[in-house]
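> Please see the structure below; I have some questions.
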Amino acid sequence: MGDAAVGARSGQDGEEGGGRGVSAAVAAGESAAAPKPKRRRSFWAELPILVGIALVLALVIKTFLVQAFSIPSESMQNTLQKGDRVLVDKFTPWFGSEPERGEVVVFHDPDEWLKGVSTREPNAAQTFLGWIGLMPSVEEKDLIKRVIGIGGDTVECTGTGPLKVNGQPLEEPYVHAGDTPCSDDAGGRFEVPRGYIWVMGDHRQASSDSRYHRNDRHQGMVPVGEVVGRAVVKAWPITRWDTLPVPGAFDGNGLDR
């Protein structure tokens, strides 16, 4: 009987030992089947994704926020020189903001103001970079002038000046040195309809502005809907970096009716 008891204990011990062996084997199998850590992509594999994201962001910024614009002529001297680069705020108009007197604005050609003006053909790189907003577009037919009158205003520009808005003469230190505020060849009194603006260049004797397009379908006015945005910063060349604030001549001064 003593031997039987010992044998029974020995068999139990074997089962326990066998169970431990199976468990160890299963654990080893699970360990072997565990997934290996994923290998990180190389920089070169991720580069196309990063470039794509950057291009989308640049396009969104150009479409909705800020766009670069290259000054095409001398009509805004000396405030802006031909070849300067300005940044145009396209964001605030989304909230219903409209152009105000004294602002420098970029607008689409309202009615063939640029007819006959030669433009150089862009190469493929310039076209692409202009499309996404990384450089000024050389294809868009846009102009840049200063807002003088808004809807409801009366603008008077007769003889050599001064320029008057709603009967109030303006002091215009921004007018190009040697120019007169007005000129005999394009004088008159102009009523600005609601939804339009009256624009003039700072280089008065070298600017084909509202005064010289009174026979077009808008009678020289620019529809507010054609305004791209307000030029807020001279960004290039860096030596000419500056903001473009509204001159003091347009602050109050009895201009509002």
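Just remember, in the structure tokens the first chain shown is A, the second B, etc., residues are 1-based per chain, and ligands are 1-based in the order shown.
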For Val147 in chain A, list every protein, DNA or RNA residue within 12 Å, evaluated using only C-alpha atoms, and leave out those in the same chain fewer than 3 positions away; present the list as an MDAnalysis selection string.
chainID A and resid 76 98:107 144 150:151 153 155 165 192 196:202 209:210 221:224 227 229:231 246:247 250
> May I have the residues from that selection written out with N, CA, C and O atoms, as a compact mmCIF listing (two decimals), in the first residue's frame?

```txt
# COMPACT_ATOMS: atom_id res chain seq x y z
N MET A 76 1.63 104.10 -59.20
CA MET A 76 1.49 104.31 -57.76
C MET A 76 2.75 104.90 -57.13
O MET A 76 2.88 104.92 -55.91
N GLU A 98 -15.73 95.83 -46.92
CA GLU A 98 -15.63 96.44 -48.24
C GLU A 98 -14.52 97.48 -48.24
O GLU A 98 -14.11 97.97 -47.18
N PRO A 99 -14.01 97.83 -49.41
CA PRO A 99 -12.93 98.82 -49.49
C PRO A 99 -13.32 100.14 -48.84
O PRO A 99 -14.47 100.58 -48.93
N GLU A 100 -12.35 100.79 -48.21
CA GLU A 100 -12.56 102.08 -47.56
C GLU A 100 -11.70 103.14 -48.24
O GLU A 100 -10.69 102.84 -48.88
N ARG A 101 -12.08 104.39 -48.08
CA ARG A 101 -11.30 105.49 -48.65
C ARG A 101 -9.86 105.44 -48.15
O ARG A 101 -9.62 105.22 -46.96
N GLY A 102 -8.93 105.69 -49.05
CA GLY A 102 -7.53 105.76 -48.68
C GLY A 102 -6.79 104.45 -48.78
O GLY A 102 -5.55 104.43 -48.79
N GLU A 103 -7.50 103.32 -48.86
CA GLU A 103 -6.83 102.03 -48.95
C GLU A 103 -6.25 101.83 -50.35
O GLU A 103 -6.80 102.31 -51.35
N VAL A 104 -5.14 101.12 -50.42
CA VAL A 104 -4.57 100.69 -51.70
C VAL A 104 -5.12 99.30 -51.98
O VAL A 104 -4.93 98.38 -51.17
N VAL A 105 -5.82 99.14 -53.10
CA VAL A 105 -6.47 97.87 -53.38
C VAL A 105 -6.04 97.31 -54.73
O VAL A 105 -5.68 98.05 -55.65
N VAL A 106 -6.09 95.98 -54.80
CA VAL A 106 -5.87 95.26 -56.06
C VAL A 106 -7.24 94.82 -56.57
O VAL A 106 -8.07 94.33 -55.79
N PHE A 107 -7.48 95.01 -57.86
CA PHE A 107 -8.78 94.64 -58.43
C PHE A 107 -8.60 94.09 -59.84
O PHE A 107 -7.63 94.41 -60.54
N ILE A 144 -3.70 97.97 -59.52
CA ILE A 144 -3.60 98.44 -58.14
C ILE A 144 -3.69 99.96 -58.12
O ILE A 144 -3.00 100.64 -58.87
N ILE A 150 -16.11 106.04 -52.20
CA ILE A 150 -16.89 104.81 -52.05
C ILE A 150 -18.34 105.12 -52.39
O ILE A 150 -18.69 106.28 -52.66
N GLY A 151 -19.18 104.11 -52.38
CA GLY A 151 -20.58 104.29 -52.77
C GLY A 151 -21.26 105.41 -51.99
O GLY A 151 -21.22 105.44 -50.77
N ASP A 153 -20.44 108.64 -52.37
CA ASP A 153 -19.57 109.82 -52.34
C ASP A 153 -19.67 110.63 -53.62
O ASP A 153 -20.04 110.13 -54.68
N VAL A 155 -16.99 112.84 -55.86
CA VAL A 155 -15.57 113.14 -56.05
C VAL A 155 -15.45 114.28 -57.06
O VAL A 155 -16.04 114.23 -58.14
N VAL A 165 -13.55 115.31 -51.81
CA VAL A 165 -14.50 114.22 -51.58
C VAL A 165 -15.61 114.77 -50.70
O VAL A 165 -15.35 115.29 -49.61
N VAL A 192 -20.43 108.51 -57.08
CA VAL A 192 -20.08 107.09 -56.99
C VAL A 192 -21.31 106.30 -56.55
O VAL A 192 -21.81 106.51 -55.44
N TYR A 196 -19.84 100.43 -55.76
CA TYR A 196 -18.70 100.79 -56.61
C TYR A 196 -17.69 101.62 -55.82
O TYR A 196 -18.02 102.17 -54.76
N ILE A 197 -16.47 101.73 -56.36
CA ILE A 197 -15.46 102.62 -55.81
C ILE A 197 -14.84 103.44 -56.94
O ILE A 197 -14.86 103.03 -58.11
N TRP A 198 -14.31 104.60 -56.55
CA TRP A 198 -13.58 105.47 -57.50
C TRP A 198 -12.12 105.41 -57.10
O TRP A 198 -11.78 105.63 -55.94
N VAL A 199 -11.24 105.07 -58.05
CA VAL A 199 -9.83 104.85 -57.73
C VAL A 199 -8.93 105.77 -58.54
O VAL A 199 -9.26 106.16 -59.66
N MET A 200 -7.79 106.12 -57.93
CA MET A 200 -6.79 106.94 -58.62
C MET A 200 -5.40 106.47 -58.20
O MET A 200 -5.21 105.96 -57.10
N GLY A 201 -4.44 106.66 -59.11
CA GLY A 201 -3.07 106.34 -58.78
C GLY A 201 -2.40 107.50 -58.07
O GLY A 201 -2.79 108.67 -58.25
N ASP A 202 -1.38 107.23 -57.27
CA ASP A 202 -0.65 108.29 -56.57
C ASP A 202 0.21 109.11 -57.54
O ASP A 202 0.51 110.28 -57.27
N ASP A 209 -6.49 105.83 -64.56
CA ASP A 209 -7.40 105.38 -63.49
C ASP A 209 -8.85 105.71 -63.83
O ASP A 209 -9.20 105.86 -65.00
N SER A 210 -9.69 105.83 -62.81
CA SER A 210 -11.12 106.06 -63.04
C SER A 210 -11.39 107.28 -63.91
O SER A 210 -12.38 107.31 -64.68
N MET A 221 -15.97 103.63 -62.78
CA MET A 221 -16.02 103.07 -61.43
C MET A 221 -15.55 101.61 -61.45
O MET A 221 -15.55 100.95 -62.49
N VAL A 222 -15.17 101.11 -60.27
CA VAL A 222 -14.78 99.71 -60.13
C VAL A 222 -15.81 99.01 -59.25
O VAL A 222 -16.04 99.43 -58.11
N PRO A 223 -16.47 97.95 -59.75
CA PRO A 223 -17.41 97.22 -58.90
C PRO A 223 -16.69 96.62 -57.69
O PRO A 223 -15.60 96.07 -57.82
N VAL A 224 -17.33 96.73 -56.53
CA VAL A 224 -16.72 96.18 -55.32
C VAL A 224 -16.44 94.68 -55.49
O VAL A 224 -15.44 94.16 -54.97
N VAL A 227 -12.91 93.64 -56.59
CA VAL A 227 -11.75 93.92 -55.74
C VAL A 227 -11.22 92.60 -55.16
O VAL A 227 -11.95 91.84 -54.52
N GLY A 229 -8.53 92.44 -52.97
CA GLY A 229 -8.24 92.67 -51.56
C GLY A 229 -7.41 93.92 -51.38
O GLY A 229 -7.03 94.60 -52.35
N ARG A 230 -7.11 94.22 -50.13
CA ARG A 230 -6.33 95.41 -49.79
C ARG A 230 -4.85 95.07 -49.69
O ARG A 230 -4.47 94.08 -49.05
N ALA A 231 -4.00 95.88 -50.33
CA ALA A 231 -2.55 95.73 -50.18
C ALA A 231 -2.15 96.28 -48.82
O ALA A 231 -2.43 97.44 -48.51
N VAL A 246 -3.76 103.62 -44.06
CA VAL A 246 -4.64 104.64 -44.64
C VAL A 246 -4.11 106.01 -44.25
O VAL A 246 -3.89 106.28 -43.06
N PRO A 247 -3.85 106.90 -45.21
CA PRO A 247 -3.32 108.24 -44.89
C PRO A 247 -4.27 109.03 -44.00
O PRO A 247 -5.50 108.85 -44.03
N PHE A 250 -7.75 110.82 -44.87
CA PHE A 250 -9.04 110.13 -44.95
C PHE A 250 -9.64 109.82 -43.59
O PHE A 250 -10.68 109.18 -43.50
```
> Quick one: residues within 10 Å of Pro169 in chain A, only C-alpha atoms counted, chain neighbours fewer than 3 positions away excluded, as a ChimeraX atom specification?
/A:155-157,161-166,172,249,253,255
> Could you tell me which of A:Leu170, A:Asn78, A:Ala68, A:Pro48 comes closest to Gly248 in chain A if we count only C-alpha atoms?
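Smallest separation from Gly248 in chain A among the options: A:Leu170.
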> Could you check the closest approach to Ala177 in chain A for each of A:Gly254, A:Thr79, A:Val232, A:Ser207 and tell me which residue wins, using only C-alpha atoms?
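The shortest atom-to-atom distance to Ala177 in chain A comes from A:Thr79.
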> Can you pull out the residues contacting Gln81 in chain A? Cut-off 12 Å, using only C-alpha atoms, and skip same-chain residues under 2 positions away; I want them as a PyMOL selection string.
chain A and resi 70-79+83-86+144+176+201-203+234+236-237+240-241
> Go through range 59-251 of chain A and collect every residue that DSSP, computed from the backbone, puts in strand (DSSP E or B); the answer should be as a ChimeraX atom specification.
/A:66-70,85-89,104-108,142-150,154-157,164-165,168-169,188-191,196-200,222-223,227-236,242-243
> Of the residues A:Ser208, A:Gln168, A:Pro173, A:Val233, which is the one nearest to Ala186 in chain A, using only C-alpha atoms?
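Closest to Ala186 in chain A of all the choices is A:Ser208.
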> Considering only C-alpha atoms, state which residue in the set A:Val66, A:Leu114, A:Ile148, A:Leu47 is at the smallest distance from Val88 in chain A.
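The answer is A:Val66, which sits nearest to Val88 in chain A.
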> Rounded to one decimal in Å, what is the spacing between CA of Glu112 in chain A and CA of His218 in chain A?
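Spanning CA of Glu112 in chain A to CA of His218 in chain A is a straight-line distance of 11.1 Å.
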